[in-house]
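Chemist: My structure file query39.pdb, PDB, C-alpha atoms, is below:
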```pdb
ATOM      1  CA  LYS B   1       1.655  26.645  -4.233
ATOM      2  CA  THR B   2      -0.061  23.271  -3.812
ATOM      3  CA  VAL B   3       2.005  20.266  -2.715
ATOM      4  CA  PRO B   4       0.203  16.898  -2.952
ATOM      5  CA  THR B   5       1.107  13.892  -0.867
ATOM      6  CA  THR B   6       2.897  11.063  -2.671
ATOM      7  CA  LEU B   7       2.844   7.291  -2.786
ATOM      8  CA  GLU B   8       5.890   5.676  -4.389
ATOM      9  CA  PHE B   9       5.517   2.595  -6.581
ATOM     10  CA  VAL B  10       8.707   0.662  -7.328
ATOM     11  CA  ASP B  11       8.433  -1.169 -10.645
ATOM     12  CA  VAL B  12      10.382  -4.409 -10.978
ATOM     13  CA  ALA B  13      10.427  -6.706 -13.994
ATOM     14  CA  GLY B  14       8.236  -9.802 -13.884
ATOM     15  CA  LEU B  15       9.566 -12.653 -11.773
ATOM     16  CA  VAL B  16      10.034 -16.087 -13.321
ATOM     17  CA  LYS B  17       9.953 -19.648 -12.022
ATOM     18  CA  GLY B  18      13.085 -20.199  -9.946
ATOM     19  CA  ALA B  19      13.428 -16.531  -8.929
ATOM     20  CA  SER B  20      14.000 -17.576  -5.304
ATOM     21  CA  ASP B  21      17.066 -19.501  -6.517
ATOM     22  CA  GLY B  22      18.329 -16.591  -8.586
ATOM     23  CA  GLU B  23      16.743 -17.423 -11.954
ATOM     24  CA  GLY B  24      16.496 -14.369 -14.194
ATOM     25  CA  LEU B  25      17.375 -11.421 -12.001
ATOM     26  CA  GLY B  26      15.236 -12.906  -9.249
ATOM     27  CA  ASN B  27      17.374 -12.274  -6.172
ATOM     28  CA  GLN B  28      18.035  -8.683  -7.182
ATOM     29  CA  PHE B  29      14.328  -8.003  -7.668
ATOM     30  CA  LEU B  30      13.350  -9.793  -4.450
ATOM     31  CA  ALA B  31      15.796  -7.638  -2.486
ATOM     32  CA  THR B  32      14.153  -4.529  -3.948
ATOM     33  CA  ILE B  33      10.656  -5.724  -3.005
ATOM     34  CA  ARG B  34      11.732  -6.405   0.594
ATOM     35  CA  GLN B  35      12.152  -2.659   1.151
ATOM     36  CA  CYS B  36       8.525  -1.918   0.200
ATOM     37  CA  ASP B  37       5.484  -1.681   2.501
ATOM     38  CA  ALA B  38       3.113  -3.663   0.274
ATOM     39  CA  ILE B  39       3.117  -5.601  -2.992
ATOM     40  CA  VAL B  40       1.051  -4.871  -6.096
ATOM     41  CA  HIS B  41       1.073  -8.019  -8.213
ATOM     42  CA  VAL B  42       0.034  -7.340 -11.827
ATOM     43  CA  VAL B  43      -1.619 -10.451 -13.258
ATOM     44  CA  ARG B  44      -2.612 -10.898 -16.882
ATOM     45  CA  CYS B  45      -6.367 -11.364 -17.330
ATOM     46  CA  PHE B  46      -6.799 -10.872 -21.076
ATOM     47  CA  GLU B  47      -6.431 -12.922 -24.245
ATOM     48  CA  ASP B  48      -4.413 -11.503 -27.147
ATOM     49  CA  GLU B  49      -2.641 -13.721 -29.677
ATOM     50  CA  ASN B  50      -0.239 -10.848 -30.405
ATOM     51  CA  VAL B  51       0.994 -10.781 -26.799
ATOM     52  CA  ILE B  52       2.817 -14.034 -26.094
ATOM     53  CA  HIS B  53       2.586 -15.592 -22.626
ATOM     54  CA  VAL B  54       5.758 -17.277 -21.364
ATOM     55  CA  ASP B  55       3.761 -20.433 -20.470
ATOM     56  CA  GLY B  56       1.824 -20.503 -23.733
ATOM     57  CA  SER B  57      -1.596 -19.877 -22.152
ATOM     58  CA  VAL B  58      -3.330 -17.346 -19.898
ATOM     59  CA  ASP B  59      -4.297 -18.570 -16.431
ATOM     60  CA  PRO B  60      -4.241 -15.824 -13.776
ATOM     61  CA  VAL B  61      -4.593 -18.187 -10.792
ATOM     62  CA  ARG B  62      -1.710 -20.365 -12.000
ATOM     63  CA  ASP B  63       0.436 -17.292 -12.641
ATOM     64  CA  ALA B  64      -0.354 -15.805  -9.220
ATOM     65  CA  ASP B  65       0.369 -19.133  -7.485
ATOM     66  CA  LEU B  66       3.707 -19.429  -9.269
ATOM     67  CA  ILE B  67       4.915 -16.019  -8.094
ATOM     68  CA  ASN B  68       3.537 -16.537  -4.590
ATOM     69  CA  LEU B  69       5.453 -19.825  -4.387
ATOM     70  CA  GLU B  70       8.689 -18.045  -5.335
ATOM     71  CA  LEU B  71       8.050 -15.366  -2.709
ATOM     72  CA  ALA B  72       7.287 -18.002  -0.061
ATOM     73  CA  LEU B  73      10.410 -20.027  -0.900
ATOM     74  CA  ALA B  74      12.517 -16.885  -0.601
ATOM     75  CA  ASP B  75      10.895 -16.158   2.784
ATOM     76  CA  LEU B  76      11.462 -19.709   4.022
ATOM     77  CA  ALA B  77      15.146 -19.469   3.087
ATOM     78  CA  GLN B  78      15.387 -16.194   5.044
ATOM     79  CA  VAL B  79      13.624 -17.640   8.093
ATOM     80  CA  GLU B  80      15.673 -20.872   8.159
ATOM     81  CA  LYS B  81      18.932 -18.944   7.797
ATOM     82  CA  ARG B  82      17.993 -16.690  10.693
ATOM     83  CA  MET B  83      16.839 -19.657  12.798
ATOM     84  CA  GLN B  84      20.284 -21.258  12.473
ATOM     85  CA  ARG B  85      21.891 -18.041  13.675
ATOM     86  CA  VAL B  86      19.507 -17.724  16.612
ATOM     87  CA  LYS B  87      20.107 -21.350  17.679
ATOM     88  CA  LYS B  88      23.849 -20.838  17.391
ATOM     89  CA  GLU B  89      23.542 -17.854  19.732
ATOM     90  CA  ARG B  90      21.363 -19.994  22.046
ATOM     91  CA  LYS B  91      18.378 -17.665  21.735
ATOM     92  CA  ALA B  92      15.870 -20.223  20.477
ATOM     93  CA  ASP B  93      13.543 -19.479  23.415
ATOM     94  CA  SER B  94      13.680 -15.728  22.826
ATOM     95  CA  LYS B  95      10.788 -13.782  21.296
ATOM     96  CA  GLU B  96      12.598 -13.817  17.970
ATOM     97  CA  GLY B  97      13.134 -17.572  18.171
ATOM     98  CA  GLN B  98       9.440 -18.148  18.919
ATOM     99  CA  ALA B  99       8.399 -15.894  16.035
ATOM    100  CA  LEU B 100      10.702 -17.705  13.620
ATOM    101  CA  GLU B 101       9.277 -21.107  14.663
ATOM    102  CA  LYS B 102       5.733 -19.870  13.964
ATOM    103  CA  LEU B 103       6.756 -18.457  10.576
ATOM    104  CA  ALA B 104       8.596 -21.617   9.541
ATOM    105  CA  ALA B 105       5.562 -23.759  10.435
ATOM    106  CA  VAL B 106       3.256 -21.629   8.286
ATOM    107  CA  LEU B 107       5.652 -21.416   5.315
ATOM    108  CA  ASN B 108       6.334 -25.159   5.403
ATOM    109  CA  ASN B 109       2.570 -25.651   5.217
ATOM    110  CA  ASN B 110       2.493 -23.792   1.863
ATOM    111  CA  GLU B 111       0.874 -20.747   3.435
ATOM    112  CA  PRO B 112       2.050 -17.098   3.253
ATOM    113  CA  ALA B 113       3.939 -15.725   6.256
ATOM    114  CA  ARG B 114       1.071 -13.273   6.888
ATOM    115  CA  ASN B 115      -0.972 -16.230   8.194
ATOM    116  CA  ALA B 116       1.347 -16.607  11.202
ATOM    117  CA  GLU B 117      -0.156 -15.105  14.362
ATOM    118  CA  LEU B 118       2.524 -13.003  16.039
ATOM    119  CA  ASP B 119       2.199 -10.637  18.966
ATOM    120  CA  GLU B 120       3.498  -7.061  18.811
ATOM    121  CA  GLU B 121       6.902  -7.927  20.284
ATOM    122  CA  GLU B 122       7.411 -10.896  17.952
ATOM    123  CA  GLU B 123       6.405  -8.735  14.983
ATOM    124  CA  LEU B 124       9.065  -6.211  15.928
ATOM    125  CA  GLU B 125      11.715  -8.925  16.235
ATOM    126  CA  ILE B 126      11.249 -10.196  12.665
ATOM    127  CA  LYS B 127      10.582  -6.844  10.971
ATOM    128  CA  SER B 128      14.163  -6.557   9.663
ATOM    129  CA  LEU B 129      13.722  -9.755   7.612
ATOM    130  CA  GLY B 130      11.322  -7.924   5.281
ATOM    131  CA  LEU B 131       9.351 -11.094   4.639
ATOM    132  CA  LEU B 132       7.631 -10.835   1.260
ATOM    133  CA  THR B 133       4.560 -12.946   1.997
ATOM    134  CA  ARG B 134       3.927 -11.067   5.245
ATOM    135  CA  LYS B 135       3.367  -7.852   3.315
ATOM    136  CA  LYS B 136      -0.131  -6.767   2.302
ATOM    137  CA  MET B 137      -0.947  -7.792  -1.274
ATOM    138  CA  ILE B 138      -3.005  -6.140  -4.010
ATOM    139  CA  TYR B 139      -3.635  -8.071  -7.207
ATOM    140  CA  ALA B 140      -3.912  -5.757 -10.218
ATOM    141  CA  ALA B 141      -6.002  -7.732 -12.697
ATOM    142  CA  ASN B 142      -4.772  -6.453 -16.063
ATOM    143  CA  VAL B 143      -7.818  -6.683 -18.360
ATOM    144  CA  ALA B 144      -8.637  -5.529 -21.886
ATOM    145  CA  ASP B 145     -10.082  -2.020 -22.169
ATOM    146  CA  SER B 146     -13.567  -3.415 -22.855
ATOM    147  CA  ASP B 147     -13.505  -5.281 -19.502
ATOM    148  CA  LEU B 148     -12.275  -2.406 -17.319
ATOM    149  CA  ALA B 149     -15.733  -1.474 -16.012
ATOM    150  CA  THR B 150     -16.935  -4.960 -15.034
ATOM    151  CA  GLY B 151     -14.018  -7.395 -15.281
ATOM    152  CA  ASN B 152     -14.214 -10.829 -16.924
ATOM    153  CA  ALA B 153     -14.200 -14.537 -16.118
ATOM    154  CA  MET B 154     -10.429 -14.545 -15.543
ATOM    155  CA  SER B 155     -10.474 -11.582 -13.136
ATOM    156  CA  GLU B 156     -13.353 -13.243 -11.257
ATOM    157  CA  LYS B 157     -11.237 -16.387 -10.743
ATOM    158  CA  LEU B 158      -8.418 -14.193  -9.463
ATOM    159  CA  GLU B 159     -10.842 -12.510  -7.018
ATOM    160  CA  GLU B 160     -11.866 -15.917  -5.654
ATOM    161  CA  GLN B 161      -8.214 -16.798  -5.108
ATOM    162  CA  ALA B 162      -7.488 -13.412  -3.476
ATOM    163  CA  LYS B 163     -10.318 -13.876  -0.964
ATOM    164  CA  LYS B 164      -8.756 -17.134   0.211
ATOM    165  CA  GLU B 165      -5.444 -15.331   0.728
ATOM    166  CA  GLY B 166      -6.881 -12.249   2.422
ATOM    167  CA  ALA B 167      -5.713 -10.100  -0.512
ATOM    168  CA  THR B 168      -7.660  -7.650  -2.688
ATOM    169  CA  VAL B 169      -8.137  -7.273  -6.446
ATOM    170  CA  VAL B 170      -8.240  -4.048  -8.455
ATOM    171  CA  LEU B 171      -9.186  -3.981 -12.146
ATOM    172  CA  VAL B 172      -6.652  -2.166 -14.309
ATOM    173  CA  SER B 173      -5.949  -1.914 -18.011
ATOM    174  CA  ALA B 174      -2.376  -1.151 -18.994
ATOM    175  CA  GLN B 175      -3.710  -0.516 -22.497
ATOM    176  CA  VAL B 176      -6.071   2.205 -21.221
ATOM    177  CA  GLU B 177      -3.440   3.802 -18.962
ATOM    178  CA  ALA B 178      -1.022   4.025 -21.911
ATOM    179  CA  GLU B 179      -3.636   5.686 -24.110
ATOM    180  CA  LEU B 180      -4.716   8.181 -21.425
ATOM    181  CA  VAL B 181      -1.200   9.638 -21.261
ATOM    182  CA  ASP B 182      -1.475  10.971 -24.833
ATOM    183  CA  LEU B 183      -4.995  12.444 -24.548
ATOM    184  CA  ASP B 184      -6.031  15.951 -23.500
ATOM    185  CA  THR B 185      -8.643  16.426 -20.754
ATOM    186  CA  GLU B 186     -11.694  16.498 -23.033
ATOM    187  CA  ASP B 187     -10.655  13.515 -25.163
ATOM    188  CA  ARG B 188      -9.735  11.602 -22.001
ATOM    189  CA  ALA B 189     -13.236  12.085 -20.580
ATOM    190  CA  ASP B 190     -14.856  10.990 -23.870
ATOM    191  CA  PHE B 191     -12.613   7.927 -24.101
ATOM    192  CA  LEU B 192     -13.385   6.812 -20.539
ATOM    193  CA  GLU B 193     -17.109   7.440 -21.041
ATOM    194  CA  SER B 194     -17.024   5.068 -24.023
ATOM    195  CA  LEU B 195     -15.647   2.406 -21.645
ATOM    196  CA  ASP B 196     -18.289   3.200 -19.001
ATOM    197  CA  VAL B 197     -15.555   4.308 -16.569
ATOM    198  CA  ASP B 198     -14.788   7.705 -14.998
ATOM    199  CA  LEU B 199     -11.310   9.075 -14.249
ATOM    200  CA  ASP B 200     -11.557   8.292 -10.513
ATOM    201  CA  ASN B 201     -12.092   4.636 -11.341
ATOM    202  CA  THR B 202      -9.224   4.090 -13.741
ATOM    203  CA  GLY B 203      -6.679   1.513 -12.671
ATOM    204  CA  LEU B 204      -3.965   3.713 -11.209
ATOM    205  CA  ARG B 205      -6.335   5.761  -9.049
ATOM    206  CA  ARG B 206      -8.037   2.600  -7.832
ATOM    207  CA  ILE B 207      -4.668   1.128  -6.869
ATOM    208  CA  ILE B 208      -3.654   4.267  -4.965
ATOM    209  CA  ARG B 209      -6.903   4.250  -2.964
ATOM    210  CA  GLU B 210      -6.564   0.524  -2.248
ATOM    211  CA  ALA B 211      -2.929   0.986  -1.177
ATOM    212  CA  TYR B 212      -3.940   3.711   1.270
ATOM    213  CA  ASP B 213      -6.647   1.437   2.622
ATOM    214  CA  ILE B 214      -4.556  -1.713   3.171
ATOM    215  CA  LEU B 215      -1.686   0.302   4.699
ATOM    216  CA  ASP B 216      -4.109   2.183   7.007
ATOM    217  CA  LEU B 217      -3.042   5.560   5.664
ATOM    218  CA  GLN B 218      -4.892   8.849   5.553
ATOM    219  CA  THR B 219      -4.256  12.488   4.650
ATOM    220  CA  TYR B 220      -4.478  15.800   6.473
ATOM    221  CA  PHE B 221      -3.744  19.294   5.172
ATOM    222  CA  THR B 222      -1.850  22.397   6.234
ATOM    223  CA  SER B 223      -2.457  25.696   4.494
ATOM    224  CA  GLY B 224      -0.802  29.095   4.750
ATOM    225  CA  PRO B 225      -0.486  32.289   2.678
ATOM    226  CA  THR B 226       2.020  30.724   0.259
ATOM    227  CA  GLU B 227       1.491  26.959   0.376
ATOM    228  CA  THR B 228      -1.152  24.279   0.847
ATOM    229  CA  ARG B 229       0.300  20.837   1.513
ATOM    230  CA  ALA B 230      -1.057  17.320   2.044
ATOM    231  CA  TRP B 231       0.582  15.020   4.608
ATOM    232  CA  THR B 232       0.277  11.238   4.878
ATOM    233  CA  ILE B 233      -0.126   9.636   8.312
ATOM    234  CA  LYS B 234      -1.380   6.361   9.790
ATOM    235  CA  LYS B 235      -5.057   6.085  10.694
ATOM    236  CA  GLY B 236      -5.552   6.494  14.432
ATOM    237  CA  TRP B 237      -2.622   8.874  14.944
ATOM    238  CA  LYS B 238      -3.125  11.605  17.504
ATOM    239  CA  ALA B 239      -2.455  15.282  16.791
ATOM    240  CA  PRO B 240       1.139  15.395  18.186
ATOM    241  CA  GLN B 241       2.167  12.374  16.068
ATOM    242  CA  ALA B 242       0.644  13.973  12.984
ATOM    243  CA  ALA B 243       2.511  17.196  13.744
ATOM    244  CA  GLY B 244       5.770  15.251  13.972
ATOM    245  CA  VAL B 245       5.532  14.355  10.276
ATOM    246  CA  ILE B 246       6.162  18.032   9.514
ATOM    247  CA  HIS B 247       9.018  18.414  12.022
ATOM    248  CA  ASN B 248      10.095  16.737  15.262
ATOM    249  CA  ASP B 249       9.847  20.092  17.064
ATOM    250  CA  PHE B 250       6.128  20.244  16.242
ATOM    251  CA  GLU B 251       5.564  16.993  18.133
ATOM    252  CA  ARG B 252       7.973  17.757  20.964
ATOM    253  CA  GLY B 253       6.538  21.203  21.686
ATOM    254  CA  PHE B 254       2.910  20.506  20.734
ATOM    255  CA  ILE B 255       0.365  22.811  22.397
ATOM    256  CA  LYS B 256      -2.840  22.781  20.339
ATOM    257  CA  ALA B 257      -4.142  21.964  16.866
ATOM    258  CA  GLU B 258      -6.483  24.498  15.270
ATOM    259  CA  THR B 259      -8.646  22.153  13.220
ATOM    260  CA  ILE B 260     -11.288  22.532  10.505
ATOM    261  CA  SER B 261     -12.783  19.514   8.763
ATOM    262  CA  TYR B 262     -12.386  19.404   4.991
ATOM    263  CA  ASP B 263     -16.159  19.346   4.388
ATOM    264  CA  ASP B 264     -16.690  22.376   6.638
ATOM    265  CA  LEU B 265     -13.951  24.346   4.888
ATOM    266  CA  VAL B 266     -15.397  23.599   1.454
ATOM    267  CA  ALA B 267     -18.929  24.429   2.587
ATOM    268  CA  CYS B 268     -17.899  27.736   4.220
ATOM    269  CA  GLY B 269     -15.482  28.720   1.467
ATOM    270  CA  SER B 270     -12.769  30.188   3.694
ATOM    271  CA  GLU B 271     -11.048  29.898   7.060
ATOM    272  CA  ALA B 272     -12.513  33.243   8.132
ATOM    273  CA  GLU B 273     -16.056  32.054   7.419
ATOM    274  CA  CYS B 274     -15.378  28.819   9.311
ATOM    275  CA  LYS B 275     -14.348  30.868  12.354
ATOM    276  CA  LYS B 276     -17.513  32.976  12.040
ATOM    277  CA  GLN B 277     -19.697  29.876  11.983
ATOM    278  CA  GLY B 278     -17.843  28.235  14.859
ATOM    279  CA  LYS B 279     -16.430  25.433  12.722
ATOM    280  CA  LEU B 280     -12.828  25.913  13.878
ATOM    281  CA  ARG B 281     -11.944  23.672  16.822
ATOM    282  CA  LEU B 282      -9.041  23.744  19.265
ATOM    283  CA  GLU B 283      -7.893  20.152  19.715
ATOM    284  CA  GLY B 284      -5.421  18.824  22.298
ATOM    285  CA  LYS B 285      -2.926  15.980  22.601
ATOM    286  CA  GLU B 286      -5.543  13.233  22.669
ATOM    287  CA  TYR B 287      -7.297  14.291  19.465
ATOM    288  CA  VAL B 288      -7.286  11.566  16.797
ATOM    289  CA  VAL B 289      -6.760  13.227  13.427
ATOM    290  CA  ALA B 290      -9.532  12.555  10.891
ATOM    291  CA  GLU B 291      -9.236  12.098   7.132
ATOM    292  CA  GLY B 292      -9.100  15.498   5.400
ATOM    293  CA  ASP B 293      -8.585  17.628   8.526
ATOM    294  CA  CYS B 294      -7.108  21.077   7.825
ATOM    295  CA  ILE B 295      -4.792  21.855  10.731
ATOM    296  CA  LEU B 296      -2.659  24.696  12.091
ATOM    297  CA  PHE B 297      -0.359  23.415  14.828
ATOM    298  CA  ARG B 298       0.591  25.599  17.799
ATOM    299  CA  PHE B 299       3.860  24.567  19.445
ATOM    300  CA  ASN B 300       6.668  25.859  21.615
ATOM    301  CA  VAL B 301      10.179  24.470  22.109
TER     302      VAL B 301
END
```
Could you spell out this file's structure in structure tokens?
Modeler:
Amino acid sequence: KTVPTTLEFVDVAGLVKGASDGEGLGNQFLATIRQCDAIVHVVRCFEDENVIHVDGSVDPVRDADLINLELALADLAQVEKRMQRVKKERKADSKEGQALEKLAAVLNNNEPARNAELDEEEELEIKSLGLLTRKKMIYAANVADSDLATGNAMSEKLEEQAKKEGATVVLVSAQVEAELVDLDTEDRADFLESLDVDLDNTGLRRIIREAYDILDLQTYFTSGPTETRAWTIKKGWKAPQAAGVIHNDFERGFIKAETISYDDLVACGSEAECKKQGKLRLEGKEYVVAEGDCILFRFNV
């Protein structure tokens, strides 16, 4: 049995102008987004007279700015509400109070909350607010199928805007993704080849890789007689922390991590051959787990 790791995407309907004040189903959607680790903002970057745009024209930078303004206004409302509470409790000079002052200054300057420089303690104090513009952002530039390989003038403008914001852009085509669902493996490969794109560089896979990157995530594997499983951890985690993702007892009673790199395992073909060639390593508590490590944890509780 093979169990892949997962990344959950929460789809919410498009926000509209005034969402921060409850227009449309704005407040409901904003509350949903607050629970997420990052935001993928799908922005239209194609012309099609059969697909009507709510503003009557296609301008990805304008559309992105509009949504970002709504997110920032919602954040500012959250920050100001919390600031009143903190002042009422006479904690304005606390770490939380200082963090809120910095955030308010940035948001009032029409900048995203992520531009505020907070130390580790301040960051912890405001984490519960779930500020939308402090989350990492990926722009998914939704282009026509013919532009998926190279993008177009509109996606290039969006990239320029994203650089200013410290965000990233991934080219996607909702049209292509919809068509891929109905194709078998061979037809899928032929279709993508006609677009000068391979399966690893279709929109969804690009977004997953980018999400892992901006969230500093990586994968390691465990494998036994009945199951091979992938586990997601933060980059830089040491072996005991990585073991704790499986079960708290693994971290608490950690002894050693029998480790084989993914490339070595593929090259040797089996765990037994890796042992023969001296590719299996015994790693201790200070070992920083690498991307693709295949690990057997030894523990005792």
Chemist: Report the distance between CA of Leu148 (chain B) and CA of Val42 (chain B) in Å, rounded to one decimal place.
Modeler: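 For CA of Leu148 (chain B) relative to CA of Val42 (chain B), the distance reads 14.4 Å.
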Chemist: When the PyMOL selection byres ((chain B and resi 218) around 10) is applied to the file above, which residues end up in the set, as a ChimeraX atom specification?
Modeler: /B:209,212-213,215-217,219-220,230-237,289-293
Chemist: Please expand the PyMOL selection byres ((chain B and resi 156) around 12) into the concrete residues it hits in this file, giving the result as a list in words.
Modeler: Cys45, Asp59, Pro60, Val61, Tyr139, Ala141, Asn142, Val143, Asp147, Thr150, Gly151, Asn152, Ala153, Met154, Ser155, Lys157, Leu158, Glu159, Glu160, Gln161, Ala162, Lys163, Thr168, Val169, Val170 and Leu171 of chain B
Chemist: Can you turn the PyMOL selection byres ((chain B and resi 118-124) around 12) into a concrete residue list for this file, as a JSON list (two decimals) with C-alpha atoms, in the frame of the given file?
Modeler:
```json
[["chain", "number", "residue", "atom", "x", "y", "z"],
["B", 93, "ASP", "CA", 13.54, -19.48, 23.42],
["B", 94, "SER", "CA", 13.68, -15.73, 22.83],
["B", 95, "LYS", "CA", 10.79, -13.78, 21.30],
["B", 96, "GLU", "CA", 12.60, -13.82, 17.97],
["B", 97, "GLY", "CA", 13.13, -17.57, 18.17],
["B", 98, "GLN", "CA", 9.44, -18.15, 18.92],
["B", 99, "ALA", "CA", 8.40, -15.89, 16.04],
["B", 100, "LEU", "CA", 10.70, -17.70, 13.62],
["B", 101, "GLU", "CA", 9.28, -21.11, 14.66],
["B", 102, "LYS", "CA", 5.73, -19.87, 13.96],
["B", 103, "LEU", "CA", 6.76, -18.46, 10.58],
["B", 106, "VAL", "CA", 3.26, -21.63, 8.29],
["B", 113, "ALA", "CA", 3.94, -15.72, 6.26],
["B", 114, "ARG", "CA", 1.07, -13.27, 6.89],
["B", 115, "ASN", "CA", -0.97, -16.23, 8.19],
["B", 116, "ALA", "CA", 1.35, -16.61, 11.20],
["B", 117, "GLU", "CA", -0.16, -15.10, 14.36],
["B", 125, "GLU", "CA", 11.72, -8.93, 16.24],
["B", 126, "ILE", "CA", 11.25, -10.20, 12.66],
["B", 127, "LYS", "CA", 10.58, -6.84, 10.97],
["B", 128, "SER", "CA", 14.16, -6.56, 9.66],
["B", 129, "LEU", "CA", 13.72, -9.76, 7.61],
["B", 130, "GLY", "CA", 11.32, -7.92, 5.28],
["B", 131, "LEU", "CA", 9.35, -11.09, 4.64],
["B", 134, "ARG", "CA", 3.93, -11.07, 5.24]]
```
Chemist: Using CA of Ala38 (chain B) and CA of Pro4 (chain B) as the two end points, give the distance in Å to one decimal.
Modeler: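 Computing it gives 21.0 Å between the two atoms.
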Chemist: Would you kindly return, as an MDAnalysis selection string, each protein, DNA or RNA residue with an atom no farther than 10 Å from any atom of Leu73 (chain B), considering all atoms listed in the file and excluding same-chain residues fewer than 2 positions away?
Modeler: chainID B and resid 18:21 67:71 75:79 107:108 110 112 132:133
Chemist: So which residues touch region 265-274 of chain B within 12 Å, counting only C-alpha atoms, skipping near sequence neighbours fewer than 3 positions away, as a list in words?
Modeler: Phe221, Thr222, Ser223, Gly224, Pro225, Glu258, Thr259, Ile260, Ser261, Tyr262, Gln277, Gly278, Lys279, Leu280, Arg281, Gly292, Asp293, Cys294, Ile295 and Leu296 of chain B
